[in-house]
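A short write-up of the structure that comes next.
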Amino acid sequence: MGQKISIVQKKGYTIETETESGVIAKKDNDKFFIKRVEISTNAELISKMETLETTSHPHVVSIKDSFKDQHTYYAVMEYCQGGSLAENIRARSDSLQEFEVLSWIVEICMALKTIHGKGLLHKDMTPQNIYLTEFGKLCLGGFWKMDKNNEVINYLAPEVFKETTYDSKSEIWSVGCILYELCTQTLAFSAGTTVDLIPKITSGPNPSLQGQWSPEFHELFSDILNRNPDSRPTACEILARPITLRCLIKKSKTTIDHLQTQLDKLRAVADNLERVHQNATIGSLTGGVIGAVGGITSIVGLALAPFTLGTSLVVTAIGAGVGLTGGVTAGVSNMTNIVNQSSDRRTVHSIIKGFEEKINAVVLWLQEISNSLEAISTCQSADKLDEGSSFNTGNKARFGTRAGKSISELCQLLRVVGIGKIAAQASKVVRVAAAATGVLSALFVAADVFFVAMDAKELHRMRQKGPDAEARSDIMRFVKSVRQAGDELQKVLDEFKILTSIIPSLEDERDLGRQQHEPERVASSETGKMKKKKKKKKKKKKL
């Protein structure tokens with residue numbers, strides 16, 4: 001970007017690395033990818049980027065900011081530290097399991113459903129343009145590659161070559177190619193030259209999956225790689241299949257359990273901080289000695305212990321305590337310098353960012369499950385999924401023959417469970433989670449205050465007596481913030497758990513039938529118990 005990048009620096013960004021398509025820059029301890037586009041020759045692309053800037057979706061690379069100079073448009077996007085999906089595929093030494101493949105395909109389809117709903121097309125659907133965050137969440141990116149010469153034709157649909165048409169169904173074909181690559185770590189279609197490759201895509205035999213993949217998975221793959229785009233499912237229809245709904249339910253429950261574990265650790269941080277703070281306040285801080293127990297070093301060490309398996313990065317940097325010869329001032333000064341530059345601060349930031357990212361993702365997944373179930377519940381059988389339905393489906397191929405039977409049974413089950421109850425709880429989840437986002441932001445600020453407060457002034461505050469001594473301590477303010485955040489986050493997790501508990505498991509057709517009759521079985525069991533009690537009472541009366 002040369003001299004023209006000065007506007008980026010004026011906006012407060014520090015450039016770290018330049019790439020072919022932009023720069024990686026840093027601001028306020030966060031990394032971003034900044035794409036530079038010439039305004040005069042990229043009106044369509046800029047319009048696309050401006051639409052994406054108004055789109056907030058966990059599985060679409062978000063545009064955080066944008067600005068222009070006279071001739072150039074700059075889009076500031078989140079930087080995905082986990083690398084591209086292509087890099088992750090190449091790095092795998094073992095084969096992915098079915099759930100892992102489905103998990104990524106589901107996230108890709110949720111991203112496509114959103115951008116297709118806004119009338120946008122990606123136009124370069126390849127693993128190179130799909131990214132992973134540091135927490136493993138998949139994000140669809142690479143929207144800026146508008147030049148057709150940059151397209152990797154291995155992923156292009158047959159109709160692109162036959163009829164020169166490209167639409168949302170063409171991108172579903174690309175998803176099928178990505179699915180095959182995830183399963184086999186090889187390209188679905190390949191050849192030595194473009195001349196040899198195109199006939200393979202347009203009329204050659206379709207690739208088949210080998211190995212332990214379920215019949216539903218095989219059928220999904222076959223439907224996605226259907227050469228007739230009219231028979232190819234949409235992203236919405238893929239997400240409404242029982243196999244993908246099961247995946248979303250499992251993802252949600254697993255992530256909720258992980259968040260609960262992390263929340264318990266976060267609360268342990270507050271408990272440890274308060275305990276050590278009390279020791280430091282009660283104990284003697286004179287003589288220039290800050291011991292390993294009851295000192296600032298211990299405060300930081302114990303604060304991070306639940307997240308660093310008991311080992312504090314700051315403690316290992318400074319040592320067990322500040323020595324006699326160093327004195328309080330020198331020791332604390334050393335502590336301040338190390339804290340400001342150490343990875344401990346980034347660790348806490350990462351913990352909070354992880355909470356926010358995963359909560360937003362679970363909200364989206366649960367919404368998707370609820371929306372799909374609500375749409376399916378309007379149909380009494382798979383035969384009614386016609387052109388007038390929510391899925392715009394002309395035949396059972398969109399859901400698969402086996403899926404059609406499962407959906408028919410699912411409709412019956414939903415009438416028993418009550419789709420209204422699921423939809424109402426899903427709406428509540430969205431409201432509660434939205435209210436908690438401000439708490440996470442406040443906790444982020446409190447964490448910063450906590451780290452920069454580790455200086456001599458904090459020692460004096462900790463020694464102060466009186467009813468407001470606790471309020472004067474930045475450490476105790478941080479403890480209070482952690483506990484408030486913990487209470488709000490627990491409310492969110494509790495609502496998540498309620499919703500997942502009332503969503504049908506969809507394990508298989510036998511489970512569908514068992515769940516359908518579960519209320520009858522329970523009622524019958526309760527009736528039997530009542531009859532037995534009445535018989536016992538009659539016998540007692542006779543005696």
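Ligands are numbered from 1 in the order shown, chains are lettered A, B, ... in the order of the structure tokens, and residues start at 1 in each chain.
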May I have a table of the residues of range 158-199 of chain A lying at most 12 Å from range 238-253 of chain A, giving each one's closest pair of atoms and their distance in Å to one decimal, counting only C-alpha atoms, ordered by chain and ascending residue number, as JSON lines?
{"residue": "A:Lys169", "atom": "CA", "partner": "A:Ile238", "partner_atom": "CA", "distance": 11.8}
{"residue": "A:Ile172", "atom": "CA", "partner": "A:Ile238", "partner_atom": "CA", "distance": 9.6}
{"residue": "A:Val175", "atom": "CA", "partner": "A:Ile238", "partner_atom": "CA", "distance": 10.9}
{"residue": "A:Gly176", "atom": "CA", "partner": "A:Ile238", "partner_atom": "CA", "distance": 11.3}
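Residue neighbourhood of Leu414 in chain A, excluding near-sequence residues (fewer than 6 positions): Leu373, Glu374, Ile376, Ser377, Ile503, Pro504 and Gln516 of chain A, at 9 Å, using only C-alpha atoms.
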Q. Which residues come within 12 Å of range 484-493 of chain A, counting only C-alpha atoms, excluding same-chain residues fewer than 5 positions away, as JSON, numbers by chain?
A. {"A": [252, 253, 255, 256, 257, 258, 259, 260, 261, 262, 263, 264, 265, 266, 267, 268, 269, 270, 271, 352, 355, 356, 358, 359, 360, 362, 363, 425, 426, 428, 429, 430, 431, 432, 433, 434, 435, 436, 437, 438, 439, 440, 441, 442, 443, 444, 446, 447, 477, 478, 479, 498, 499, 500]}
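The residue set within 8 Å of Gln128 in chain A, counting only C-alpha atoms and dropping same-chain residues fewer than 5 places from it, reads Ser84, Leu85, Ala86 and Glu87 of chain A.
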Prev. selection, C-alpha atoms, output as a tab-separated table (two decimals), in the first residue's frame:
chain	number	residue	atom	x	y	z
A	84	SER	CA	-7.97	-20.41	6.47
A	85	LEU	CA	-9.95	-23.62	6.18
A	86	ALA	CA	-7.56	-24.66	3.40
A	87	GLU	CA	-4.61	-24.35	5.79
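The spacing separating CA of Ser174 in chain A from CA of Gln212 in chain A amounts to 22.9 Å.
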Q | Residues of range 23-176 of chain A in strand (DSSP E), written as a ChimeraX atom specification | A | /A:23-27,30-38,63-68,72-78,130-132,138-140
Q: Tell me which protein, DNA and RNA residues are within 12 Å of Ile198 in chain A, counting only C-alpha atoms, leaving out same-chain ones fewer than 2 positions away, and put them as a ChimeraX atom specification.
A: /A:152-162,189-196,200-204
Just the selected residues (N, CA and C atoms), exported as a PDB file, in the first residue's frame, please.
ATOM      1  N   VAL A 152     -10.926 -20.161  -8.449  1.00  0.00           N
ATOM      2  CA  VAL A 152     -10.410 -21.520  -8.556  1.00  0.00           C
ATOM      3  C   VAL A 152     -11.530 -22.351  -9.173  1.00  0.00           C
ATOM      4  N   ILE A 153     -11.381 -22.733 -10.443  1.00  0.00           N
ATOM      5  CA  ILE A 153     -12.507 -23.324 -11.168  1.00  0.00           C
ATOM      6  C   ILE A 153     -12.861 -24.723 -10.682  1.00  0.00           C
ATOM      7  N   ASN A 154     -11.992 -25.334  -9.863  1.00  0.00           N
ATOM      8  CA  ASN A 154     -12.310 -26.666  -9.318  1.00  0.00           C
ATOM      9  C   ASN A 154     -13.607 -26.662  -8.524  1.00  0.00           C
ATOM     10  N   TYR A 155     -14.007 -25.480  -8.003  1.00  0.00           N
ATOM     11  CA  TYR A 155     -15.183 -25.392  -7.140  1.00  0.00           C
ATOM     12  C   TYR A 155     -16.405 -24.821  -7.872  1.00  0.00           C
ATOM     13  N   LEU A 156     -16.272 -24.492  -9.158  1.00  0.00           N
ATOM     14  CA  LEU A 156     -17.378 -23.894  -9.894  1.00  0.00           C
ATOM     15  C   LEU A 156     -18.388 -24.948 -10.345  1.00  0.00           C
ATOM     16  N   ALA A 157     -19.666 -24.569 -10.371  1.00  0.00           N
ATOM     17  CA  ALA A 157     -20.760 -25.484 -10.704  1.00  0.00           C
ATOM     18  C   ALA A 157     -20.848 -25.710 -12.217  1.00  0.00           C
ATOM     19  N   PRO A 158     -21.444 -26.826 -12.651  1.00  0.00           N
ATOM     20  CA  PRO A 158     -21.545 -27.139 -14.092  1.00  0.00           C
ATOM     21  C   PRO A 158     -22.242 -26.053 -14.897  1.00  0.00           C
ATOM     22  N   GLU A 159     -23.301 -25.429 -14.329  1.00  0.00           N
ATOM     23  CA  GLU A 159     -24.067 -24.433 -15.092  1.00  0.00           C
ATOM     24  C   GLU A 159     -23.237 -23.192 -15.415  1.00  0.00           C
ATOM     25  N   VAL A 160     -22.169 -22.961 -14.644  1.00  0.00           N
ATOM     26  CA  VAL A 160     -21.306 -21.811 -14.924  1.00  0.00           C
ATOM     27  C   VAL A 160     -20.633 -21.982 -16.284  1.00  0.00           C
ATOM     28  N   PHE A 161     -20.278 -23.232 -16.615  1.00  0.00           N
ATOM     29  CA  PHE A 161     -19.614 -23.510 -17.887  1.00  0.00           C
ATOM     30  C   PHE A 161     -20.624 -23.752 -19.014  1.00  0.00           C
ATOM     31  N   LYS A 162     -21.766 -24.385 -18.682  1.00  0.00           N
ATOM     32  CA  LYS A 162     -22.752 -24.724 -19.714  1.00  0.00           C
ATOM     33  C   LYS A 162     -23.596 -23.534 -20.128  1.00  0.00           C
ATOM     34  N   PHE A 189     -12.949 -32.391  -7.819  1.00  0.00           N
ATOM     35  CA  PHE A 189     -12.686 -32.425  -9.262  1.00  0.00           C
ATOM     36  C   PHE A 189     -11.294 -31.850  -9.509  1.00  0.00           C
ATOM     37  N   SER A 190     -10.461 -32.606 -10.206  1.00  0.00           N
ATOM     38  CA  SER A 190      -9.114 -32.128 -10.508  1.00  0.00           C
ATOM     39  C   SER A 190      -8.636 -32.725 -11.823  1.00  0.00           C
ATOM     40  N   ALA A 191      -7.733 -32.009 -12.467  1.00  0.00           N
ATOM     41  CA  ALA A 191      -7.129 -32.461 -13.722  1.00  0.00           C
ATOM     42  C   ALA A 191      -5.865 -31.653 -13.956  1.00  0.00           C
ATOM     43  N   GLY A 192      -5.055 -32.136 -14.894  1.00  0.00           N
ATOM     44  CA  GLY A 192      -3.800 -31.455 -15.179  1.00  0.00           C
ATOM     45  C   GLY A 192      -3.978 -30.110 -15.838  1.00  0.00           C
ATOM     46  N   THR A 193      -5.034 -29.956 -16.626  1.00  0.00           N
ATOM     47  CA  THR A 193      -5.279 -28.700 -17.327  1.00  0.00           C
ATOM     48  C   THR A 193      -6.740 -28.300 -17.208  1.00  0.00           C
ATOM     49  N   THR A 194      -7.017 -27.034 -17.454  1.00  0.00           N
ATOM     50  CA  THR A 194      -8.394 -26.530 -17.424  1.00  0.00           C
ATOM     51  C   THR A 194      -9.238 -27.221 -18.479  1.00  0.00           C
ATOM     52  N   VAL A 195      -8.642 -27.484 -19.652  1.00  0.00           N
ATOM     53  CA  VAL A 195      -9.360 -28.145 -20.743  1.00  0.00           C
ATOM     54  C   VAL A 195      -9.849 -29.523 -20.313  1.00  0.00           C
ATOM     55  N   ASP A 196      -9.049 -30.235 -19.534  1.00  0.00           N
ATOM     56  CA  ASP A 196      -9.439 -31.568 -19.049  1.00  0.00           C
ATOM     57  C   ASP A 196     -10.369 -31.482 -17.834  1.00  0.00           C
ATOM     58  N   LYS A 200     -14.914 -32.854 -16.722  1.00  0.00           N
ATOM     59  CA  LYS A 200     -15.132 -33.645 -15.504  1.00  0.00           C
ATOM     60  C   LYS A 200     -16.231 -33.027 -14.646  1.00  0.00           C
ATOM     61  N   ILE A 201     -16.239 -31.688 -14.564  1.00  0.00           N
ATOM     62  CA  ILE A 201     -17.239 -30.996 -13.757  1.00  0.00           C
ATOM     63  C   ILE A 201     -18.616 -31.039 -14.417  1.00  0.00           C
ATOM     64  N   THR A 202     -18.659 -30.854 -15.727  1.00  0.00           N
ATOM     65  CA  THR A 202     -19.948 -30.732 -16.424  1.00  0.00           C
ATOM     66  C   THR A 202     -20.610 -32.069 -16.716  1.00  0.00           C
ATOM     67  N   SER A 203     -19.833 -33.111 -16.989  1.00  0.00           N
ATOM     68  CA  SER A 203     -20.464 -34.371 -17.412  1.00  0.00           C
ATOM     69  C   SER A 203     -19.772 -35.629 -16.911  1.00  0.00           C
ATOM     70  N   GLY A 204     -18.707 -35.494 -16.164  1.00  0.00           N
ATOM     71  CA  GLY A 204     -18.005 -36.673 -15.662  1.00  0.00           C
ATOM     72  C   GLY A 204     -18.731 -37.305 -14.492  1.00  0.00           C
TER      73      GLY A 204
END
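Between Trp104 in chain A and the residues A:Lys68, A:Thr55, A:Leu182, A:Lys35, the shortest atom-to-atom distance, using only C-alpha atoms, involves A:Leu182.
Taking CA of Thr41 in chain A and CA of Lys10 in chain A as endpoints, the distance between them is 24.8 Å.
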Q) Skipping near chain neighbours, those fewer than 2 positions away, what residues fall within 8 Å of range 13-15 of chain A using only C-alpha atoms, listed as a PyMOL selection string? A) chain A and resi 8-11+17-18+23-27
